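Structure record follows, encoded as structure tokens.
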Amino acid sequence: MNKWIVIANISEAFSHSYNRVRQDAVRISQILEDQYLGERALLWGADHKCVVTSWPVESQYLDYLRQTLAYSELVNIYPSQPSLSLCEDVLHDPSLLSRILDFCHDAHQVYLIPYSTTRAFLDLADHLVDLGLPIETPESCRRENLWLRDYIDSKGGFRDFAMPLKNSFKGFQIPEGFWARSWEEAIEIVLSFLAQGRSCVCKPNRGEGGAGIVRFSPSDFKQRNVRDEIRSKLYADDYLQHDTVIIEEYIEPDRSIAGGSPSVDFYIGPSPQSDIRILSVEAQVLSPEGIFQGVMIGKAVLPSCVENAIISNGELLARRMKLWGYVGPFDIDMVLDCHGQLWPVESNTRRTGASHAIDVATYLFGDEFWKSVTVFTFDHLSLRKDAVDFNRVRYLIKDLLYPIGNSKFGVLLDVSASMKIGNIGYLIFAESKEHAISLHEETRKVLETI
């Protein structure tokens, strides 16, 4: 029997960004929110898995997933005192290591899966091998190629890595942009864009989830002290502190198609003979401020001509990544403009905001699930109460929960821990895009009454 050890090391992956947040309460809240989102790892992979999270998962939520998804073996373990590095927590906790060994005692093969491949994760993998476990890491680069994972995961690194392909792309175009070596240089670059009558965006090189992006438009500046206004806006954003700033031309999205922000998820296997697999093409769900909130996957979510362009150009990038030694899942996020042009803007070289949806939909409906079902995810429904009870939420939307009757449609609650801070996340399986939106609005209407 093959088994899975899943490591939800989200805060470990983003530890570099937390110190940028100046207010202690905001920083702590962000760390907890990311660690709570680690519960989505319960949906990664298939059956027979032990999922390591920073915080304990409520027993009623585990029972709900076992019952709803027919998982015969779903185990959750967690450190007694979590730090930012979950892998180091496991490495230094004999009781957690013992529980992993017990779980794997009858396994023929053990797949060790992280949210993100870090040096601490590879240390943990090596240690488990030393303990005698038959460990495979099918989603992880070799140690000597971690620089590539980190480089492409940055905004500027992605631009540099994609640029040699610019003459091979068809329907893909890299936005014009620059690295700024200092704050004053960033201001000068912004002024140059504005002088040409062009809008631009400033991004932290290692930013995540849309945080830290600041837009500048010529129409925003009516006074003479433009330089001071730019400096003030840049310095006001925590995520732009202590990081290289990337300045790019602003691309106006066509929000009528996939919200103007499509994405594609790929997987590159560890063997040189491994094929590059397309996991899904999706429309991203973004807040008005550009913060990631979820995805939609399925037929008719994107026009076929746009989807084909995303896949063919994305494969060019994937092949270049494979050539340089990348292994594992990743996505390419892009902007679709009003002329049908696609503008790739970043890659996340790790599991993504769509990974849990892709894995559970594949588990339930097969590899080509998008041909028979539309999947919609929504990560952050904020409630009026500071905390809500999982069983109460489950009761309130019982008529909407998957599966509705004998169908394959309905709502699947995917994060219970964030209910402690008044947030709810869920997946929706639907017949179509319109059906998914309808179920989302029904769910939202009920839950916002709490």
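Ordering of the structure tokens sets the chain letters (A, B, ...), residue numbers begin anew at 1 in every chain, and ligands are numbered from 1 in the order given.
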Would you list the contacts of region 74-89 of chain A as a ChimeraX atom specification, taking every protein, DNA or RNA residue within 9 Å and counting only C-alpha atoms, but skipping same-chain residues closer than 6 positions in sequence?
-> /A:7-15,31,35,42,47-57,62,65-66,95-96,99-100,103,118,120-124
Members of region 101-194 of chain A assigned strand (DSSP E) by DSSP, as a count of residues only | 12
Region 157-179 of chain A residues near region 319-336 of chain A within 9 Å, closest pair each, using only C-alpha atoms, as JSON lines:
{"residue": "A:Phe161", "atom": "CA", "partner": "A:Arg320", "partner_atom": "CA", "distance": 8.6}
{"residue": "A:Ala162", "atom": "CA", "partner": "A:Arg320", "partner_atom": "CA", "distance": 8.7}
{"residue": "A:Leu165", "atom": "CA", "partner": "A:Arg320", "partner_atom": "CA", "distance": 8.9}
Measure the distance from CA of Gly45 (chain A) to CA of Leu364 (chain A) in Å and round it to one decimal.
-> 11.4 Å
Counting only C-alpha atoms, what is within 8 Å of Val373 (chain A), bar same-chain residues fewer than 5 positions away, as number ranges by chain?
-> A: 298-299, 429-432
File of the preceding selection, all heavy atoms, as a short mmCIF file (atom, residue, chain, number, x, y, z; two decimals), in the first residue's frame:
data_model
loop_
_atom_site.label_atom_id
_atom_site.label_comp_id
_atom_site.auth_asym_id
_atom_site.auth_seq_id
_atom_site.Cartn_x
_atom_site.Cartn_y
_atom_site.Cartn_z
N GLY A 298 -13.31 24.77 -15.20
CA GLY A 298 -14.36 24.00 -15.86
C GLY A 298 -14.59 24.43 -17.29
O GLY A 298 -13.96 25.37 -17.80
N LYS A 299 -15.52 23.73 -17.94
CA LYS A 299 -15.87 24.06 -19.31
C LYS A 299 -16.47 25.46 -19.38
O LYS A 299 -17.22 25.88 -18.51
CB LYS A 299 -16.88 23.05 -19.86
CG LYS A 299 -16.34 21.64 -20.02
CD LYS A 299 -17.37 20.71 -20.65
CE LYS A 299 -18.61 20.57 -19.80
NZ LYS A 299 -19.58 19.62 -20.38
N PHE A 429 -18.77 22.24 -6.25
CA PHE A 429 -18.83 21.42 -7.45
C PHE A 429 -20.18 21.70 -8.11
O PHE A 429 -21.22 21.58 -7.47
CB PHE A 429 -18.71 19.93 -7.12
CG PHE A 429 -17.49 19.59 -6.31
CD1 PHE A 429 -17.60 19.07 -5.03
CD2 PHE A 429 -16.22 19.82 -6.82
CE1 PHE A 429 -16.48 18.76 -4.28
CE2 PHE A 429 -15.09 19.52 -6.07
CZ PHE A 429 -15.22 18.99 -4.81
N ALA A 430 -20.13 22.09 -9.39
CA ALA A 430 -21.36 22.53 -10.04
C ALA A 430 -21.43 22.03 -11.46
O ALA A 430 -20.47 21.51 -12.03
CB ALA A 430 -21.44 24.06 -10.02
N GLU A 431 -22.62 22.19 -12.06
CA GLU A 431 -22.86 21.72 -13.42
C GLU A 431 -22.26 22.66 -14.45
O GLU A 431 -21.87 22.24 -15.55
CB GLU A 431 -24.37 21.59 -13.64
CG GLU A 431 -24.77 20.96 -14.95
CD GLU A 431 -26.26 20.72 -15.04
OE1 GLU A 431 -27.01 21.25 -14.20
OE2 GLU A 431 -26.66 19.98 -15.97
N SER A 432 -22.16 23.95 -14.10
CA SER A 432 -21.69 24.97 -15.03
C SER A 432 -21.18 26.16 -14.25
O SER A 432 -21.31 26.23 -13.02
CB SER A 432 -22.83 25.42 -15.95
OG SER A 432 -23.85 26.04 -15.16
#
Quote the spacing between CA of Gln284 (chain A) and CA of Ala258 (chain A) in Å to one decimal place.
-> 6.9 Å
Among the residues A:Lys408, A:Arg198, A:Arg159, A:His440, the one that comes closest to Ala361 (chain A) [using only C-alpha atoms] = A:Lys408
Can you tell me, as a list in words, what residues are no more than 8 Å from region 234-246 of chain A when counting only C-alpha atoms, ignoring any on the same chain fewer than 6 positions away?
-> Ser17, Arg20, Val21, Arg22, Lys155, Gly156, Gly177, Phe178, Trp179, Ala180, Arg181, Ser182, Trp183, Ala186, Cys202, Lys203, Pro204, Asn205, Arg206, Gly207, Ala211, Gly212 and Val214 of chain A
For region 377-394 of chain A, list every protein, DNA or RNA residue within 6 Å, evaluated using only C-alpha atoms, and leave out those in the same chain fewer than 5 positions away; present the list as a ChimeraX atom specification.
-> /A:293-295,419-427,448
Those selected residues, please, written with N, CA, C and O atoms and delivered as a PDB file, in the first residue's frame.
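File produced: again13.pdb:
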ATOM      1  N   GLN A 293      -8.624  35.396  -4.028  1.00  0.00           N
ATOM      2  CA  GLN A 293      -9.706  34.855  -3.208  1.00  0.00           C
ATOM      3  C   GLN A 293     -10.124  33.444  -3.595  1.00  0.00           C
ATOM      4  O   GLN A 293     -10.788  32.771  -2.821  1.00  0.00           O
ATOM      5  N   GLY A 294      -9.749  32.994  -4.782  1.00  0.00           N
ATOM      6  CA  GLY A 294     -10.139  31.652  -5.194  1.00  0.00           C
ATOM      7  C   GLY A 294      -9.981  31.481  -6.694  1.00  0.00           C
ATOM      8  O   GLY A 294      -9.383  32.312  -7.379  1.00  0.00           O
ATOM      9  N   VAL A 295     -10.523  30.361  -7.213  1.00  0.00           N
ATOM     10  CA  VAL A 295     -10.430  30.063  -8.647  1.00  0.00           C
ATOM     11  C   VAL A 295     -11.734  29.437  -9.123  1.00  0.00           C
ATOM     12  O   VAL A 295     -12.543  28.951  -8.323  1.00  0.00           O
ATOM     13  N   MET A 419     -12.451  29.488  10.894  1.00  0.00           N
ATOM     14  CA  MET A 419     -13.709  29.910  11.510  1.00  0.00           C
ATOM     15  C   MET A 419     -13.469  30.512  12.888  1.00  0.00           C
ATOM     16  O   MET A 419     -14.298  31.271  13.396  1.00  0.00           O
ATOM     17  N   LYS A 420     -12.318  30.188  13.496  1.00  0.00           N
ATOM     18  CA  LYS A 420     -11.973  30.767  14.800  1.00  0.00           C
ATOM     19  C   LYS A 420     -11.764  32.269  14.713  1.00  0.00           C
ATOM     20  O   LYS A 420     -11.854  32.962  15.723  1.00  0.00           O
ATOM     21  N   ILE A 421     -11.426  32.757  13.510  1.00  0.00           N
ATOM     22  CA  ILE A 421     -11.212  34.195  13.341  1.00  0.00           C
ATOM     23  C   ILE A 421     -12.263  34.803  12.414  1.00  0.00           C
ATOM     24  O   ILE A 421     -12.068  35.868  11.824  1.00  0.00           O
ATOM     25  N   GLY A 422     -13.391  34.100  12.270  1.00  0.00           N
ATOM     26  CA  GLY A 422     -14.528  34.666  11.543  1.00  0.00           C
ATOM     27  C   GLY A 422     -14.439  34.568  10.031  1.00  0.00           C
ATOM     28  O   GLY A 422     -15.114  35.318   9.320  1.00  0.00           O
ATOM     29  N   ASN A 423     -13.627  33.641   9.507  1.00  0.00           N
ATOM     30  CA  ASN A 423     -13.537  33.422   8.060  1.00  0.00           C
ATOM     31  C   ASN A 423     -13.973  32.007   7.716  1.00  0.00           C
ATOM     32  O   ASN A 423     -13.763  31.083   8.503  1.00  0.00           O
ATOM     33  N   ILE A 424     -14.545  31.846   6.527  1.00  0.00           N
ATOM     34  CA  ILE A 424     -14.954  30.527   6.053  1.00  0.00           C
ATOM     35  C   ILE A 424     -14.436  30.338   4.633  1.00  0.00           C
ATOM     36  O   ILE A 424     -14.479  31.264   3.811  1.00  0.00           O
ATOM     37  N   GLY A 425     -13.918  29.141   4.354  1.00  0.00           N
ATOM     38  CA  GLY A 425     -13.510  28.789   3.006  1.00  0.00           C
ATOM     39  C   GLY A 425     -14.260  27.563   2.541  1.00  0.00           C
ATOM     40  O   GLY A 425     -14.603  26.698   3.347  1.00  0.00           O
ATOM     41  N   TYR A 426     -14.529  27.491   1.248  1.00  0.00           N
ATOM     42  CA  TYR A 426     -15.254  26.336   0.731  1.00  0.00           C
ATOM     43  C   TYR A 426     -14.988  26.142  -0.760  1.00  0.00           C
ATOM     44  O   TYR A 426     -14.522  27.037  -1.472  1.00  0.00           O
ATOM     45  N   LEU A 427     -15.270  24.915  -1.211  1.00  0.00           N
ATOM     46  CA  LEU A 427     -15.253  24.539  -2.619  1.00  0.00           C
ATOM     47  C   LEU A 427     -16.686  24.298  -3.061  1.00  0.00           C
ATOM     48  O   LEU A 427     -17.538  23.902  -2.259  1.00  0.00           O
ATOM     49  N   GLU A 448     -23.712  34.782   5.698  1.00  0.00           N
ATOM     50  CA  GLU A 448     -23.566  36.176   6.126  1.00  0.00           C
ATOM     51  C   GLU A 448     -24.615  36.589   7.145  1.00  0.00           C
ATOM     52  O   GLU A 448     -24.563  37.694   7.683  1.00  0.00           O
TER      53      GLU A 448
END
Residues of region 171-406 of chain A in helix (DSSP H, G or I), written as a PyMOL selection string = chain A and resi 183-195+218-220+226-236+238-240+258-260+304-323+355-365+369-371+390-396
Hey, what's within 8 Å of Gln173 (chain A) if we count only C-alpha atoms and toss same-chain stuff fewer than 3 positions away? As a list in words, please?
->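 Skipping anything fewer than 3 positions along the chain leaves Lys166, Phe169, Gln341, Leu342, Trp343 and Pro344 of chain A.
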Selection from above, C-alpha atoms, as a JSON list (two decimals), in the first residue's frame, can you write it?
[["chain", "number", "residue", "atom", "x", "y", "z"],
["A", 166, "LYS", "CA", 9.60, 36.22, -26.00],
["A", 169, "PHE", "CA", 5.47, 33.14, -27.57],
["A", 341, "GLN", "CA", -3.56, 39.55, -25.44],
["A", 342, "LEU", "CA", -2.23, 37.48, -22.54],
["A", 343, "TRP", "CA", 0.42, 39.01, -20.28],
["A", 344, "PRO", "CA", 2.17, 36.52, -17.93]]
For Asp220 (chain A), the nearest of the candidates A:Leu413, A:Leu194, A:Cys104, A:Leu316, counting only C-alpha atoms =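 Closest to Asp220 (chain A) of all the choices is A:Leu194.
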